[in-house]
Amino acid sequence: MVKVSTKLVTWDEIVEWSMGLARVIKESSFKPDVVVAVSRGGYVPARLICDFLLVENLVSIQSQHWTEAAKVAERAIIKFPYTLDLSGQRVLLVDDIIDTGDTVILARDFILSEWKPAELRVAALQWISPVAKIKPDFYYIEVKEWIWFQYPWTRHEDTVQFVRRILLEEKERRREWTYDEIRAAFEESYGIFVGDAYFRLALETLVELGVLERRGDVYVVRVT
Ligand code: ADP
């Protein structure tokens, strides 16, 4: 069975980390005129940073590296390369985590060449220092060993993907599962529990997606 080292991040931690990051930025004396959220992971931290630093201008840029569907592309792309005039503005680019750094590097370079701000700094709640290609100007937590952070804004998406992975991996050995069995396998693989509401929603989604079929109390993995 898959084993992925995972940490469940709570909303309270997000507020605490964003407040901590805002303090780091404030102490540097950098005062952003505009915050740019790297979509989608940077949205919530960017909004909180705007709150803590009292910044009114918030826009976003969707830079995507790998999602399961985009894996074939194997590179980051700017999804909606719209034009914005940021001349004379001090920009703070905010992301949740700098892992490889690819998406944030692409967003930074695109903004510098296309939106032409006076200044640009990069901020992230977390920075995975051993693997990242860049060190952000501001970060709150340095992560020294790679781990998957299960952020609250991807809880449903992650749960669906994680459960799907377990079920498909086990499908030659077993097809029928009860709720408690899937939950136990999930905890064994990922070491976290996302709560019953999220877990039931994920199973409902997997039924909608045609991965599972529900027969009373039993979930059956469908043969595709
Ligand atoms: P970057 O390192 O520039 O953020 P990645 O392609 O490594 O680019 O990551 C893109 C996005 O994927 C991140 O902003 C984050 O939302 C998500 N992500 C990447 N690594 C992790 C991780 N270890 N834990 C949680 N989310 C992650």
# chains A, B, ... in the order shown; residues from 1 in each chain; ligands from 1

call {"tool": "closest_atom_pairs", "arguments": {"of": "chain A", "to": "ligand 1", "cutoff": "9 Å", "atoms": "only C-alpha atoms and all ligand atoms", "output": "Markdown table"}}
result
| residue | atom | partner | partner_atom_place_in_ligand_line | distance |
| --- | --- | --- | --- | --- |
| A:Thr6 | CA | ligand 1 | 24 (N) | 8.1 |
| A:Lys7 | CA | ligand 1 | 24 (N) | 8.5 |
| A:Val38 | CA | ligand 1 | 14 (O) | 7.2 |
| A:Ser39 | CA | ligand 1 | 14 (O) | 7.7 |
| A:Arg40 | CA | ligand 1 | 16 (O) | 6.5 |
| A:Gly41 | CA | ligand 1 | 16 (O) | 3.9 |
| A:Gly42 | CA | ligand 1 | 14 (O) | 6.6 |
| A:Ser63 | CA | ligand 1 | 10 (C) | 8.1 |
| A:Gln64 | CA | ligand 1 | 10 (C) | 6.5 |
| A:His65 | CA | ligand 1 | 6 (O) | 4.4 |
| A:Trp66 | CA | ligand 1 | 6 (O) | 5.8 |
| A:Thr67 | CA | ligand 1 | 12 (O) | 8.0 |
| A:Arg75 | CA | ligand 1 | 6 (O) | 8.6 |
| A:Ala76 | CA | ligand 1 | 6 (O) | 7.3 |
| A:Asp95 | CA | ligand 1 | 14 (O) | 5.7 |
| A:Asp96 | CA | ligand 1 | 14 (O) | 5.4 |
| A:Ile97 | CA | ligand 1 | 14 (O) | 5.1 |
| A:Ile98 | CA | ligand 1 | 2 (O) | 3.6 |
| A:Asp99 | CA | ligand 1 | 2 (O) | 3.3 |
| A:Thr100 | CA | ligand 1 | 2 (O) | 3.9 |
| A:Gly101 | CA | ligand 1 | 2 (O) | 3.2 |
| A:Asp102 | CA | ligand 1 | 3 (O) | 4.3 |
| A:Thr103 | CA | ligand 1 | 3 (O) | 3.7 |
| A:Val104 | CA | ligand 1 | 3 (O) | 3.9 |
| A:Ile105 | CA | ligand 1 | 3 (O) | 6.2 |
| A:Leu106 | CA | ligand 1 | 3 (O) | 7.9 |
| A:Ala107 | CA | ligand 1 | 3 (O) | 8.5 |
| A:Ala124 | CA | ligand 1 | 4 (O) | 8.7 |
| A:Trp127 | CA | ligand 1 | 2 (O) | 8.2 |
| A:Ile128 | CA | ligand 1 | 23 (N) | 7.6 |
| A:Val131 | CA | ligand 1 | 2 (O) | 8.7 |
| A:Ala132 | CA | ligand 1 | 2 (O) | 6.4 |
| A:Lys133 | CA | ligand 1 | 2 (O) | 8.0 |
| A:Ile134 | CA | ligand 1 | 2 (O) | 8.6 |
| A:Trp146 | CA | ligand 1 | 23 (N) | 6.3 |
| A:Ile147 | CA | ligand 1 | 23 (N) | 5.2 |
| A:Trp148 | CA | ligand 1 | 24 (N) | 3.9 |
| A:Phe149 | CA | ligand 1 | 24 (N) | 3.8 |
| A:Gln150 | CA | ligand 1 | 25 (C) | 5.8 |
| A:Tyr151 | CA | ligand 1 | 25 (C) | 6.6 |
| A:Thr154 | CA | ligand 1 | 16 (O) | 8.5 |

call {"tool": "residues_around", "arguments": {"residues": "Arg183 in chain A", "least_positions_apart": "3", "cutoff": "8 Å", "atoms": "only C-alpha atoms", "output": "PyMOL selection string"}}
result
chain A and resi 179-180+186-187+193+199

call {"tool": "write_last_selection", "arguments": {"atoms": "N, CA and C atoms", "output": "mmCIF file, in the first residue's frame"}}
result
data_model
loop_
_atom_site.group_PDB
_atom_site.id
_atom_site.type_symbol
_atom_site.label_atom_id
_atom_site.label_comp_id
_atom_site.auth_asym_id
_atom_site.auth_seq_id
_atom_site.Cartn_x
_atom_site.Cartn_y
_atom_site.Cartn_z
ATOM 1 N N TYR A 179 -17.156 1.571 4.394
ATOM 2 C CA TYR A 179 -16.669 2.910 4.707
ATOM 3 C C TYR A 179 -15.477 2.833 5.676
ATOM 4 N N ASP A 180 -15.642 2.042 6.757
ATOM 5 C CA ASP A 180 -14.577 1.952 7.773
ATOM 6 C C ASP A 180 -13.289 1.359 7.212
ATOM 7 N N PHE A 186 -6.919 4.524 4.248
ATOM 8 C CA PHE A 186 -6.502 5.909 4.029
ATOM 9 C C PHE A 186 -5.560 6.359 5.163
ATOM 10 N N GLU A 187 -5.958 6.029 6.383
ATOM 11 C CA GLU A 187 -5.126 6.423 7.528
ATOM 12 C C GLU A 187 -3.790 5.706 7.517
ATOM 13 N N PHE A 193 -6.507 11.904 9.126
ATOM 14 C CA PHE A 193 -7.928 11.741 8.853
ATOM 15 C C PHE A 193 -8.536 13.114 8.626
ATOM 16 N N PHE A 199 -14.705 12.938 4.121
ATOM 17 C CA PHE A 199 -14.516 11.574 3.660
ATOM 18 C C PHE A 199 -15.753 11.071 2.913
#

call {"tool": "residues_around", "arguments": {"residues": "Gly216 in chain A", "least_positions_apart": "4", "cutoff": "12 Å", "atoms": "only C-alpha atoms", "output": "list in words"}}
result
Glu176, Trp177, Thr178, Tyr179 and Val220 of chain A

call {"tool": "write_last_selection", "arguments": {"atoms": "all heavy atoms", "output": "PDB file, in the first residue's frame"}}
result
ATOM      1  N   GLU A 176     -14.411  -4.917  -2.941  1.00  0.00           N
ATOM      2  CA  GLU A 176     -15.498  -4.476  -2.067  1.00  0.00           C
ATOM      3  C   GLU A 176     -14.969  -3.923  -0.761  1.00  0.00           C
ATOM      4  O   GLU A 176     -14.137  -4.546  -0.098  1.00  0.00           O
ATOM      5  CB  GLU A 176     -16.446  -5.651  -1.779  1.00  0.00           C
ATOM      6  CG  GLU A 176     -17.100  -6.154  -3.045  1.00  0.00           C
ATOM      7  CD  GLU A 176     -18.255  -7.111  -2.767  1.00  0.00           C
ATOM      8  OE1 GLU A 176     -18.571  -7.369  -1.586  1.00  0.00           O
ATOM      9  OE2 GLU A 176     -18.839  -7.593  -3.757  1.00  0.00           O
ATOM     10  N   TRP A 177     -15.441  -2.753  -0.417  1.00  0.00           N
ATOM     11  CA  TRP A 177     -14.971  -2.077   0.797  1.00  0.00           C
ATOM     12  C   TRP A 177     -16.149  -1.497   1.573  1.00  0.00           C
ATOM     13  O   TRP A 177     -17.095  -1.005   0.969  1.00  0.00           O
ATOM     14  CB  TRP A 177     -14.087  -0.875   0.432  1.00  0.00           C
ATOM     15  CG  TRP A 177     -12.863  -1.155  -0.367  1.00  0.00           C
ATOM     16  CD1 TRP A 177     -12.802  -1.456  -1.694  1.00  0.00           C
ATOM     17  CD2 TRP A 177     -11.511  -1.116   0.104  1.00  0.00           C
ATOM     18  NE1 TRP A 177     -11.491  -1.594  -2.090  1.00  0.00           N
ATOM     19  CE2 TRP A 177     -10.675  -1.397  -0.996  1.00  0.00           C
ATOM     20  CE3 TRP A 177     -10.912  -0.877   1.352  1.00  0.00           C
ATOM     21  CZ2 TRP A 177      -9.280  -1.430  -0.902  1.00  0.00           C
ATOM     22  CZ3 TRP A 177      -9.533  -0.911   1.452  1.00  0.00           C
ATOM     23  CH2 TRP A 177      -8.723  -1.190   0.345  1.00  0.00           C
ATOM     24  N   THR A 178     -16.005  -1.488   2.896  1.00  0.00           N
ATOM     25  CA  THR A 178     -16.967  -0.729   3.693  1.00  0.00           C
ATOM     26  C   THR A 178     -16.342   0.648   3.926  1.00  0.00           C
ATOM     27  O   THR A 178     -15.132   0.840   3.710  1.00  0.00           O
ATOM     28  CB  THR A 178     -17.219  -1.379   5.077  1.00  0.00           C
ATOM     29  OG1 THR A 178     -15.969  -1.366   5.797  1.00  0.00           O
ATOM     30  CG2 THR A 178     -17.757  -2.789   4.949  1.00  0.00           C
ATOM     31  N   TYR A 179     -17.156   1.571   4.394  1.00  0.00           N
ATOM     32  CA  TYR A 179     -16.669   2.910   4.707  1.00  0.00           C
ATOM     33  C   TYR A 179     -15.477   2.833   5.676  1.00  0.00           C
ATOM     34  O   TYR A 179     -14.435   3.452   5.456  1.00  0.00           O
ATOM     35  CB  TYR A 179     -17.817   3.725   5.328  1.00  0.00           C
ATOM     36  CG  TYR A 179     -17.415   5.103   5.813  1.00  0.00           C
ATOM     37  CD1 TYR A 179     -17.444   6.188   4.938  1.00  0.00           C
ATOM     38  CD2 TYR A 179     -16.994   5.308   7.129  1.00  0.00           C
ATOM     39  CE1 TYR A 179     -17.070   7.454   5.369  1.00  0.00           C
ATOM     40  CE2 TYR A 179     -16.610   6.567   7.557  1.00  0.00           C
ATOM     41  CZ  TYR A 179     -16.650   7.629   6.681  1.00  0.00           C
ATOM     42  OH  TYR A 179     -16.260   8.868   7.108  1.00  0.00           O
ATOM     43  N   VAL A 220     -18.180  -0.687  -4.134  1.00  0.00           N
ATOM     44  CA  VAL A 220     -17.546  -1.634  -5.051  1.00  0.00           C
ATOM     45  C   VAL A 220     -16.744  -0.852  -6.095  1.00  0.00           C
ATOM     46  O   VAL A 220     -17.256   0.077  -6.713  1.00  0.00           O
ATOM     47  CB  VAL A 220     -18.613  -2.509  -5.766  1.00  0.00           C
ATOM     48  CG1 VAL A 220     -17.945  -3.555  -6.652  1.00  0.00           C
ATOM     49  CG2 VAL A 220     -19.536  -3.158  -4.743  1.00  0.00           C
TER      50      VAL A 220
END

call {"tool": "atom_distance", "arguments": {"atom1": "CA of Pro45 in chain A", "atom2": "CA of Ile25 in chain A"}}
result
13.2 Å

call {"tool": "atom_distance", "arguments": {"atom1": "CA of Gly88 in chain A", "atom2": "CA of Pro117 in chain A"}}
result
5.8 Å

call {"tool": "atom_distance", "arguments": {"atom1": "CA of Leu125 in chain A", "atom2": "CA of Glu188 in chain A"}}
result
27.7 Å
